[in-house]
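Coordinates from start_16.csv are shown below (CSV, C-alpha atoms).
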```
chain,number,residue,atom,x,y,z
A,11,MET,CA,0.0,0.0,0.0
A,12,THR,CA,1.5,3.4,-1.0
A,13,GLU,CA,1.7,6.4,1.2
A,14,THR,CA,-1.1,8.1,-0.7
A,15,ASN,CA,-3.7,5.3,-0.6
A,16,SER,CA,-2.9,4.3,3.0
A,17,ARG,CA,-4.6,7.6,4.0
A,18,ARG,CA,-8.2,8.7,3.6
A,19,VAL,CA,-8.5,10.9,0.6
A,20,ALA,CA,-10.1,14.4,0.6
A,21,LEU,CA,-10.8,16.5,-2.5
A,22,VAL,CA,-10.9,20.3,-2.2
A,23,THR,CA,-12.1,22.2,-5.2
A,24,GLY,CA,-10.7,25.6,-5.8
A,25,ALA,CA,-7.7,24.8,-3.5
A,26,GLY,CA,-5.1,27.0,-5.1
A,27,ARG,CA,-5.5,29.9,-2.6
A,28,GLY,CA,-7.7,31.5,0.1
A,29,LEU,CA,-10.2,29.3,1.9
A,30,GLY,CA,-9.4,26.3,-0.3
A,31,GLN,CA,-5.7,26.5,0.4
A,32,ALA,CA,-6.3,26.8,4.1
A,33,THR,CA,-8.7,23.9,4.1
A,34,ALA,CA,-6.3,21.7,2.2
A,35,LEU,CA,-3.6,22.4,4.8
A,36,LYS,CA,-5.9,21.7,7.7
A,37,LEU,CA,-7.0,18.4,6.2
A,38,ALA,CA,-3.4,17.4,5.5
A,39,GLU,CA,-2.7,18.1,9.2
A,40,GLY,CA,-5.5,15.8,10.1
A,41,GLY,CA,-3.9,13.0,8.2
A,42,PHE,CA,-5.8,13.1,4.9
A,43,ALA,CA,-4.2,12.7,1.5
A,44,VAL,CA,-5.3,15.8,-0.3
A,45,ALA,CA,-6.4,16.2,-3.9
A,46,VAL,CA,-5.7,19.8,-4.7
A,47,HIS,CA,-8.0,21.0,-7.5
A,48,TYR,CA,-7.2,24.1,-9.6
A,49,GLY,CA,-9.0,25.6,-12.5
A,50,ARG,CA,-6.4,27.6,-14.5
A,51,SER,CA,-2.9,28.3,-13.2
A,52,SER,CA,-1.1,25.3,-11.8
A,53,GLU,CA,1.6,27.3,-10.0
A,54,GLN,CA,-0.2,27.9,-6.7
A,55,ALA,CA,-1.7,24.4,-6.6
A,56,GLU,CA,1.7,22.7,-7.2
A,57,ALA,CA,3.3,24.9,-4.5
A,58,LEU,CA,0.6,23.9,-2.0
A,59,ALA,CA,1.0,20.2,-2.8
A,60,ALA,CA,4.7,20.5,-2.4
A,61,GLN,CA,4.2,22.2,1.0
A,62,ILE,CA,2.0,19.4,2.2
A,63,ARG,CA,4.4,16.8,1.0
A,64,ALA,CA,7.3,18.6,2.7
A,65,SER,CA,5.4,18.5,6.0
A,66,GLY,CA,5.1,14.7,5.7
A,67,GLY,CA,1.7,14.7,4.1
A,68,ALA,CA,0.4,13.3,0.8
A,69,ALA,CA,-1.0,15.5,-2.0
A,70,GLN,CA,-1.6,15.4,-5.7
A,71,THR,CA,-2.9,18.2,-8.0
A,72,PHE,CA,-5.8,17.9,-10.5
A,73,MET,CA,-6.9,20.4,-13.1
A,74,ALA,CA,-10.6,20.8,-14.1
A,75,ASP,CA,-12.5,23.7,-15.6
A,76,LEU,CA,-15.6,23.8,-13.4
A,77,SER,CA,-17.2,26.5,-15.6
A,78,VAL,CA,-18.3,23.3,-17.4
A,79,PRO,CA,-20.3,21.7,-14.6
A,80,GLN,CA,-20.0,18.1,-16.0
A,81,ASN,CA,-16.2,18.3,-15.5
A,82,ALA,CA,-16.8,18.2,-11.8
A,83,GLY,CA,-18.1,14.7,-11.9
A,84,GLU,CA,-15.2,13.6,-14.1
A,85,LEU,CA,-12.8,15.3,-11.6
A,86,VAL,CA,-14.1,13.2,-8.7
A,87,GLU,CA,-13.8,10.0,-10.7
A,88,GLU,CA,-10.2,10.9,-11.7
A,89,VAL,CA,-9.2,11.7,-8.1
A,90,ALA,CA,-10.7,8.4,-6.8
A,91,ALA,CA,-8.9,6.4,-9.5
A,92,ALA,CA,-5.5,8.1,-9.0
A,93,MET,CA,-5.6,8.2,-5.2
A,94,GLY,CA,-7.3,5.0,-4.3
A,95,GLY,CA,-10.8,6.3,-3.3
A,96,LEU,CA,-12.5,9.3,-2.0
A,97,HIS,CA,-13.7,9.9,1.6
A,98,VAL,CA,-14.2,13.7,1.8
A,99,LEU,CA,-15.5,16.2,-0.8
A,100,VAL,CA,-15.2,19.9,-0.1
A,101,ASN,CA,-17.1,21.9,-2.7
A,102,ASN,CA,-15.2,25.2,-2.4
A,103,ALA,CA,-14.7,26.4,-5.9
A,104,GLY,CA,-16.7,29.6,-6.8
A,105,ILE,CA,-16.7,32.8,-8.8
A,106,THR,CA,-18.5,36.1,-8.7
A,107,ARG,CA,-20.0,38.2,-11.5
A,108,ASP,CA,-21.5,41.1,-9.5
A,109,GLY,CA,-24.1,43.5,-10.8
A,110,LEU,CA,-27.6,44.8,-10.1
A,111,ALA,CA,-30.3,42.3,-11.1
A,112,VAL,CA,-31.9,44.5,-13.8
A,113,ARG,CA,-28.5,45.0,-15.5
A,114,MET,CA,-27.2,41.5,-15.0
A,115,LYS,CA,-26.3,39.7,-18.2
A,116,ASP,CA,-27.7,36.2,-18.7
A,117,ASP,CA,-24.1,34.9,-19.2
A,118,ASP,CA,-23.1,36.3,-15.8
A,119,TRP,CA,-26.1,34.6,-14.1
A,120,ASP,CA,-25.4,31.3,-15.9
A,121,ALA,CA,-21.6,31.4,-15.2
A,122,VAL,CA,-22.0,31.9,-11.4
A,123,ILE,CA,-24.9,29.3,-11.0
A,124,GLY,CA,-23.0,26.8,-13.2
A,125,THR,CA,-19.7,27.1,-11.4
A,126,ASN,CA,-20.9,27.6,-7.8
A,127,LEU,CA,-23.9,25.3,-7.7
A,128,THR,CA,-24.3,23.0,-10.7
A,129,SER,CA,-20.7,21.9,-10.6
A,130,ALA,CA,-21.1,21.2,-6.8
A,131,PHE,CA,-24.1,19.0,-7.6
A,132,HIS,CA,-22.2,17.1,-10.3
A,133,ALA,CA,-19.2,16.6,-7.9
A,134,ALA,CA,-21.5,15.5,-5.1
A,135,ARG,CA,-23.4,13.0,-7.3
A,136,ALA,CA,-20.2,11.4,-8.4
A,137,ALA,CA,-18.8,11.3,-4.9
A,138,ILE,CA,-21.9,9.8,-3.4
A,139,LYS,CA,-21.7,6.8,-5.8
A,140,ILE,CA,-18.2,6.1,-4.5
A,141,MET,CA,-19.1,6.8,-0.8
A,142,MET,CA,-22.2,4.6,-1.0
A,143,ARG,CA,-20.0,1.5,-1.7
A,144,ALA,CA,-18.0,2.3,1.4
A,145,ARG,CA,-21.1,3.2,3.4
A,146,ALA,CA,-19.2,6.2,4.7
A,147,GLY,CA,-18.2,9.7,3.5
A,148,ARG,CA,-18.3,13.4,4.1
A,149,ILE,CA,-19.5,16.2,1.8
A,150,ILE,CA,-18.9,19.8,2.9
A,151,ASN,CA,-20.3,22.6,0.8
A,152,VAL,CA,-18.8,26.1,1.2
A,153,SER,CA,-21.8,28.4,1.1
A,154,SER,CA,-21.7,32.0,2.4
A,155,VAL,CA,-23.5,34.2,4.9
A,156,VAL,CA,-25.0,36.0,2.0
A,157,GLY,CA,-26.8,32.8,1.1
A,158,LEU,CA,-28.7,33.3,4.3
A,159,MET,CA,-29.0,37.1,4.6
A,160,GLY,CA,-28.9,38.3,1.0
A,161,ASN,CA,-26.7,41.0,-0.5
A,162,PRO,CA,-27.4,43.7,-3.0
A,163,GLY,CA,-25.7,43.5,-6.3
A,164,GLN,CA,-25.1,39.7,-6.0
A,165,ALA,CA,-28.3,38.1,-7.0
A,166,ASN,CA,-26.5,35.3,-8.9
A,167,TYR,CA,-23.9,34.7,-6.2
A,168,VAL,CA,-26.5,34.8,-3.4
A,169,ALA,CA,-28.8,32.4,-5.3
A,170,SER,CA,-25.9,30.0,-5.9
A,171,LYS,CA,-24.9,30.0,-2.2
A,172,ALA,CA,-28.5,29.6,-1.0
A,173,GLY,CA,-28.9,26.8,-3.5
A,174,LEU,CA,-25.9,25.0,-1.9
A,175,ILE,CA,-27.7,25.2,1.4
A,176,GLY,CA,-30.8,23.5,-0.1
A,177,LEU,CA,-28.6,20.9,-1.8
A,178,THR,CA,-26.9,20.2,1.5
A,179,LYS,CA,-30.2,19.5,3.3
A,180,ALA,CA,-31.6,17.4,0.5
A,181,LEU,CA,-28.5,15.2,0.2
A,182,ALA,CA,-28.2,14.8,4.0
A,183,LYS,CA,-31.7,13.3,4.1
A,184,GLU,CA,-31.2,11.1,1.0
A,185,TYR,CA,-27.9,9.5,2.0
A,186,GLY,CA,-27.6,9.6,5.7
A,187,GLY,CA,-28.7,6.0,5.8
A,188,ARG,CA,-25.6,5.1,3.8
A,189,GLY,CA,-23.3,6.7,6.3
A,190,ILE,CA,-22.7,9.9,4.4
A,191,THR,CA,-22.9,13.2,6.2
A,192,VAL,CA,-23.5,16.4,4.3
A,193,ASN,CA,-23.0,19.8,5.8
A,194,ALA,CA,-22.5,23.4,4.7
A,195,VAL,CA,-20.4,26.2,6.2
A,196,ALA,CA,-21.4,29.8,5.7
A,197,PRO,CA,-18.4,32.1,6.1
A,198,GLY,CA,-18.8,35.8,6.5
A,199,PHE,CA,-16.2,38.4,5.7
A,200,ILE,CA,-12.9,36.6,5.5
A,201,GLU,CA,-9.4,38.0,5.0
A,202,SER,CA,-8.6,37.4,1.3
A,203,ASP,CA,-7.1,39.1,-1.8
A,204,MET,CA,-10.5,40.5,-2.5
A,205,THR,CA,-11.1,42.1,1.0
A,206,ALA,CA,-7.5,43.3,1.1
A,207,ALA,CA,-8.2,45.3,-2.1
A,208,LEU,CA,-11.3,47.0,-0.7
A,209,PRO,CA,-11.2,50.8,-0.1
A,210,GLU,CA,-10.3,51.5,3.5
A,211,ALA,CA,-13.7,53.0,4.3
A,212,GLN,CA,-15.6,50.0,2.9
A,213,ARG,CA,-13.4,47.6,4.8
A,214,ALA,CA,-13.9,49.6,8.0
A,215,ALA,CA,-17.7,49.5,7.4
A,216,TYR,CA,-17.6,45.8,7.0
A,217,THR,CA,-15.6,45.4,10.2
A,218,ALA,CA,-17.9,47.6,12.2
A,219,SER,CA,-20.8,45.4,11.3
A,220,ILE,CA,-19.2,42.3,12.8
A,221,PRO,CA,-19.8,41.8,16.5
A,222,LEU,CA,-16.3,40.3,17.0
A,223,GLY,CA,-14.8,43.5,15.4
A,224,ARG,CA,-12.6,41.8,12.8
A,225,LEU,CA,-12.6,39.8,9.6
A,226,GLY,CA,-12.2,36.1,9.8
A,227,LEU,CA,-9.1,34.2,8.8
A,228,PRO,CA,-9.0,31.5,6.1
A,229,GLU,CA,-7.4,29.2,8.6
A,230,GLU,CA,-10.4,29.5,10.9
A,231,VAL,CA,-12.8,28.4,8.1
A,232,GLY,CA,-10.3,25.6,7.2
A,233,ALA,CA,-10.3,24.3,10.8
A,234,LEU,CA,-14.1,24.1,10.8
A,235,ILE,CA,-14.2,22.2,7.6
A,236,ALA,CA,-11.5,19.8,8.8
A,237,PHE,CA,-13.6,19.2,11.9
A,238,LEU,CA,-16.6,18.4,9.9
A,239,ALA,CA,-14.5,16.0,7.9
A,240,SER,CA,-13.2,14.2,11.0
A,241,ASP,CA,-14.6,11.2,12.9
A,242,ALA,CA,-15.5,13.6,15.7
A,243,ALA,CA,-18.3,15.1,13.5
A,244,GLY,CA,-19.9,11.8,12.7
A,245,TYR,CA,-23.3,12.8,14.1
A,246,ILE,CA,-23.5,16.2,12.4
A,247,SER,CA,-25.4,16.2,9.2
A,248,GLY,CA,-27.8,18.5,7.2
A,249,GLN,CA,-26.4,21.5,9.1
A,250,VAL,CA,-25.5,25.0,8.0
A,251,ILE,CA,-22.7,26.3,10.3
A,252,GLY,CA,-22.1,30.0,10.2
A,253,ILE,CA,-18.5,31.3,10.7
A,254,ASP,CA,-19.0,35.0,10.5
A,255,GLY,CA,-18.0,36.6,13.8
A,256,GLY,CA,-21.7,36.9,14.8
A,257,LEU,CA,-22.7,38.9,11.7
A,258,TYR,CA,-25.8,36.9,11.1
A,259,PRO,CA,-26.8,34.7,14.0
A,260,HIS,CA,-29.2,31.9,13.0
```
As structure tokens:
Amino acid sequence: MTETNSRRVALVTGAGRGLGQATALKLAEGGFAVAVHYGRSSEQAEALAAQIRASGGAAQTFMADLSVPQNAGELVEEVAAAMGGLHVLVNNAGITRDGLAVRMKDDDWDAVIGTNLTSAFHAARAAIKIMMRARAGRIINVSSVVGLMGNPGQANYVASKAGLIGLTKALAKEYGGRGITVNAVAPGFIESDMTAALPEAQRAAYTASIPLGRLGLPEEVGALIAFLASDAAGYISGQVIGIDGGLYPH
């Protein structure tokens, strides 16, 4: 048995940076062999995989264009074949195409729904077929606080993240009897390249709206996802867990 397939395997989509990168690192710390997915540039994904391996972990990189949702199912099958199975799926990949609803182009709606929601469905469907045979598995969908509370100028993104919540609840009920848990996390404002580029006044306004008085860290979200992937979370399913500093209690 090789070093990779002696470990449980976790696939993280959109793992090249930000939340996906932090999640991949936390899963590797937890003993998982990590499939690092990327959509375009391989440089960050390869650097992440090398970092995991240098720390004694196991990781491989996989490229898939998830703007074509069907590619997500093929990605899952490729990972399982290459790494000897699939035990955890983290649907993290996502894009934004912001704009007011009356001005939103159909292509911008379709791109966001396709990448953020439909690709997650295709990935989950493929993963469930693998997990059912093992009668065990974890699926964790990365939603957003805006999927719960709404946000102006993001009708497509909000709809995609709210859709992930509905998908989570449906799959949890359908496949709990097969030993598969399905949960969603709903991050709030998290430190990222995007938030770092915000005008200072806007960043200050966001921070002031958060009861804890700061933006979250990618590592904090990654730690929550890693917990949901662990044996300790075996009785948690169908839940939407907010990680937003108290921004939107629910």
So that each row is one residue of region 216-251 of chain A with an atom at most 10 Å from region 32-48 of chain A, can you give its shortest atom pair and the distance in Å to one decimal, using only C-alpha atoms, rows by chain and rising number, as a Markdown table?
```
| residue | atom | partner | partner_atom | distance |
| --- | --- | --- | --- | --- |
| A:Leu227 | CA | A:Ala32 | CA | 9.2 |
| A:Pro228 | CA | A:Ala32 | CA | 5.8 |
| A:Glu229 | CA | A:Ala32 | CA | 5.2 |
| A:Glu230 | CA | A:Ala32 | CA | 8.4 |
| A:Val231 | CA | A:Thr33 | CA | 7.3 |
| A:Gly232 | CA | A:Thr33 | CA | 3.9 |
| A:Ala233 | CA | A:Lys36 | CA | 6.0 |
| A:Leu234 | CA | A:Thr33 | CA | 8.6 |
| A:Ile235 | CA | A:Thr33 | CA | 6.7 |
| A:Ala236 | CA | A:Leu37 | CA | 5.4 |
| A:Phe237 | CA | A:Leu37 | CA | 8.8 |
| A:Ala239 | CA | A:Leu37 | CA | 8.1 |
| A:Ser240 | CA | A:Gly40 | CA | 7.9 |
```
Create the file for the chosen residues now, containing C-alpha atoms and written as a PDB file, in the frame of the given file.
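again17.pdb written:
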```
ATOM      1  CA  LEU A 227      -9.100  34.200   8.800  1.00  0.00           C
ATOM      2  CA  PRO A 228      -9.000  31.500   6.100  1.00  0.00           C
ATOM      3  CA  GLU A 229      -7.400  29.200   8.600  1.00  0.00           C
ATOM      4  CA  GLU A 230     -10.400  29.500  10.900  1.00  0.00           C
ATOM      5  CA  VAL A 231     -12.800  28.400   8.100  1.00  0.00           C
ATOM      6  CA  GLY A 232     -10.300  25.600   7.200  1.00  0.00           C
ATOM      7  CA  ALA A 233     -10.300  24.300  10.800  1.00  0.00           C
ATOM      8  CA  LEU A 234     -14.100  24.100  10.800  1.00  0.00           C
ATOM      9  CA  ILE A 235     -14.200  22.200   7.600  1.00  0.00           C
ATOM     10  CA  ALA A 236     -11.500  19.800   8.800  1.00  0.00           C
ATOM     11  CA  PHE A 237     -13.600  19.200  11.900  1.00  0.00           C
ATOM     12  CA  ALA A 239     -14.500  16.000   7.900  1.00  0.00           C
ATOM     13  CA  SER A 240     -13.200  14.200  11.000  1.00  0.00           C
TER      14      SER A 240
END
```
Nearest residue to Thr205 (chain A) out of A:Leu127, A:Val100, A:Leu225, A:Ala180, using all atoms listed in the file? A:Leu225
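Residue nearest Lys139 (chain A), chosen from A:Gly83, A:Gly66, A:Gly226, A:Gly198 and counting only C-alpha atoms: A:Gly83.
Proximity of A:Arg148, A:Arg27, A:Lys115, A:Arg18 to Ala68 (chain A), computed with only C-alpha atoms, is greatest for A:Arg18.
Across the model, the gap from CA of Ser153 (chain A) to CA of Lys171 (chain A) is 4.8 Å.
The neighbours of region 248-258 of chain A here are the residues that come within 7 Å of it, using only C-alpha atoms and leaving out any residue fewer than 6 positions away in the same chain; they are Val155, Ile175, Thr178, Lys179, Ala182, Val192, Asn193, Ala194, Val195, Ala196, Pro197, Gly198, Phe199, Ser219, Ile220, Pro221, Leu222, Gly226 and Val231 of chain A.
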Output C-alpha atoms of each residue in that selection to a file, as a CSV table (one decimal), keeping the file's coordinate frame.
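Done, and the output landed in result_26.csv:
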```csv
chain,number,residue,atom,x,y,z
A,155,VAL,CA,-23.5,34.2,4.9
A,175,ILE,CA,-27.7,25.2,1.4
A,178,THR,CA,-26.9,20.2,1.5
A,179,LYS,CA,-30.2,19.5,3.3
A,182,ALA,CA,-28.2,14.8,4.0
A,192,VAL,CA,-23.5,16.4,4.3
A,193,ASN,CA,-23.0,19.8,5.8
A,194,ALA,CA,-22.5,23.4,4.7
A,195,VAL,CA,-20.4,26.2,6.2
A,196,ALA,CA,-21.4,29.8,5.7
A,197,PRO,CA,-18.4,32.1,6.1
A,198,GLY,CA,-18.8,35.8,6.5
A,199,PHE,CA,-16.2,38.4,5.7
A,219,SER,CA,-20.8,45.4,11.3
A,220,ILE,CA,-19.2,42.3,12.8
A,221,PRO,CA,-19.8,41.8,16.5
A,222,LEU,CA,-16.3,40.3,17.0
A,226,GLY,CA,-12.2,36.1,9.8
A,231,VAL,CA,-12.8,28.4,8.1
```
Surrounding residues of Glu88 (chain A) excluding itself and chain neighbours under 5 positions, 12 Å, all atoms listed in the file, as a PyMOL selection string: chain A and resi 21+45+47+70-74+81-83+93-96+133+136-137+140
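Between CA of Val89 (chain A) and CA of Gly24 (chain A) lies a distance of 14.2 Å.
Distances from A:Trp119, A:Phe131, A:Tyr185, A:Tyr216 to Gly147 (chain A) were compared using all atoms listed in the file, and the smallest one belongs to A:Tyr185.
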Would you pick out the contacts of region 123-125 of chain A at 12 Å or less, using only C-alpha atoms, so that residues sharing its chain but fewer than 6 positions from it are not included, and give the list as a PDB file with C-alpha atoms, keeping the file's coordinate frame?
```pdb
ATOM      1  CA  THR A  23     -12.100  22.200  -5.200  1.00  0.00           C
ATOM      2  CA  GLY A  24     -10.700  25.600  -5.800  1.00  0.00           C
ATOM      3  CA  GLY A  49      -9.000  25.600 -12.500  1.00  0.00           C
ATOM      4  CA  ALA A  74     -10.600  20.800 -14.100  1.00  0.00           C
ATOM      5  CA  ASP A  75     -12.500  23.700 -15.600  1.00  0.00           C
ATOM      6  CA  LEU A  76     -15.600  23.800 -13.400  1.00  0.00           C
ATOM      7  CA  SER A  77     -17.200  26.500 -15.600  1.00  0.00           C
ATOM      8  CA  VAL A  78     -18.300  23.300 -17.400  1.00  0.00           C
ATOM      9  CA  PRO A  79     -20.300  21.700 -14.600  1.00  0.00           C
ATOM     10  CA  GLN A  80     -20.000  18.100 -16.000  1.00  0.00           C
ATOM     11  CA  ASN A  81     -16.200  18.300 -15.500  1.00  0.00           C
ATOM     12  CA  ALA A  82     -16.800  18.200 -11.800  1.00  0.00           C
ATOM     13  CA  ASN A 101     -17.100  21.900  -2.700  1.00  0.00           C
ATOM     14  CA  ASN A 102     -15.200  25.200  -2.400  1.00  0.00           C
ATOM     15  CA  ALA A 103     -14.700  26.400  -5.900  1.00  0.00           C
ATOM     16  CA  GLY A 104     -16.700  29.600  -6.800  1.00  0.00           C
ATOM     17  CA  ILE A 105     -16.700  32.800  -8.800  1.00  0.00           C
ATOM     18  CA  THR A 106     -18.500  36.100  -8.700  1.00  0.00           C
ATOM     19  CA  ARG A 107     -20.000  38.200 -11.500  1.00  0.00           C
ATOM     20  CA  ASP A 116     -27.700  36.200 -18.700  1.00  0.00           C
ATOM     21  CA  ASP A 117     -24.100  34.900 -19.200  1.00  0.00           C
ATOM     22  CA  PHE A 131     -24.100  19.000  -7.600  1.00  0.00           C
ATOM     23  CA  HIS A 132     -22.200  17.100 -10.300  1.00  0.00           C
ATOM     24  CA  ALA A 133     -19.200  16.600  -7.900  1.00  0.00           C
ATOM     25  CA  GLN A 164     -25.100  39.700  -6.000  1.00  0.00           C
ATOM     26  CA  ALA A 165     -28.300  38.100  -7.000  1.00  0.00           C
ATOM     27  CA  ASN A 166     -26.500  35.300  -8.900  1.00  0.00           C
ATOM     28  CA  TYR A 167     -23.900  34.700  -6.200  1.00  0.00           C
ATOM     29  CA  VAL A 168     -26.500  34.800  -3.400  1.00  0.00           C
ATOM     30  CA  ALA A 169     -28.800  32.400  -5.300  1.00  0.00           C
ATOM     31  CA  SER A 170     -25.900  30.000  -5.900  1.00  0.00           C
ATOM     32  CA  LYS A 171     -24.900  30.000  -2.200  1.00  0.00           C
ATOM     33  CA  ALA A 172     -28.500  29.600  -1.000  1.00  0.00           C
ATOM     34  CA  GLY A 173     -28.900  26.800  -3.500  1.00  0.00           C
ATOM     35  CA  LEU A 174     -25.900  25.000  -1.900  1.00  0.00           C
TER      36      LEU A 174
END
```
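The closest residue to Val19 (chain A), picked from A:Gln54, A:Arg213, A:Val98, A:Gly223 and counting all atoms listed in the file, is A:Val98.
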Residue nearest Arg188 (chain A) - candidates A:Leu99, A:Pro162, A:Met141, A:Glu210, atoms counted: all atoms listed in the file: A:Met141
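Between CA of Ala134 (chain A) and CA of Gly186 (chain A) there is a distance of 13.7 Å.
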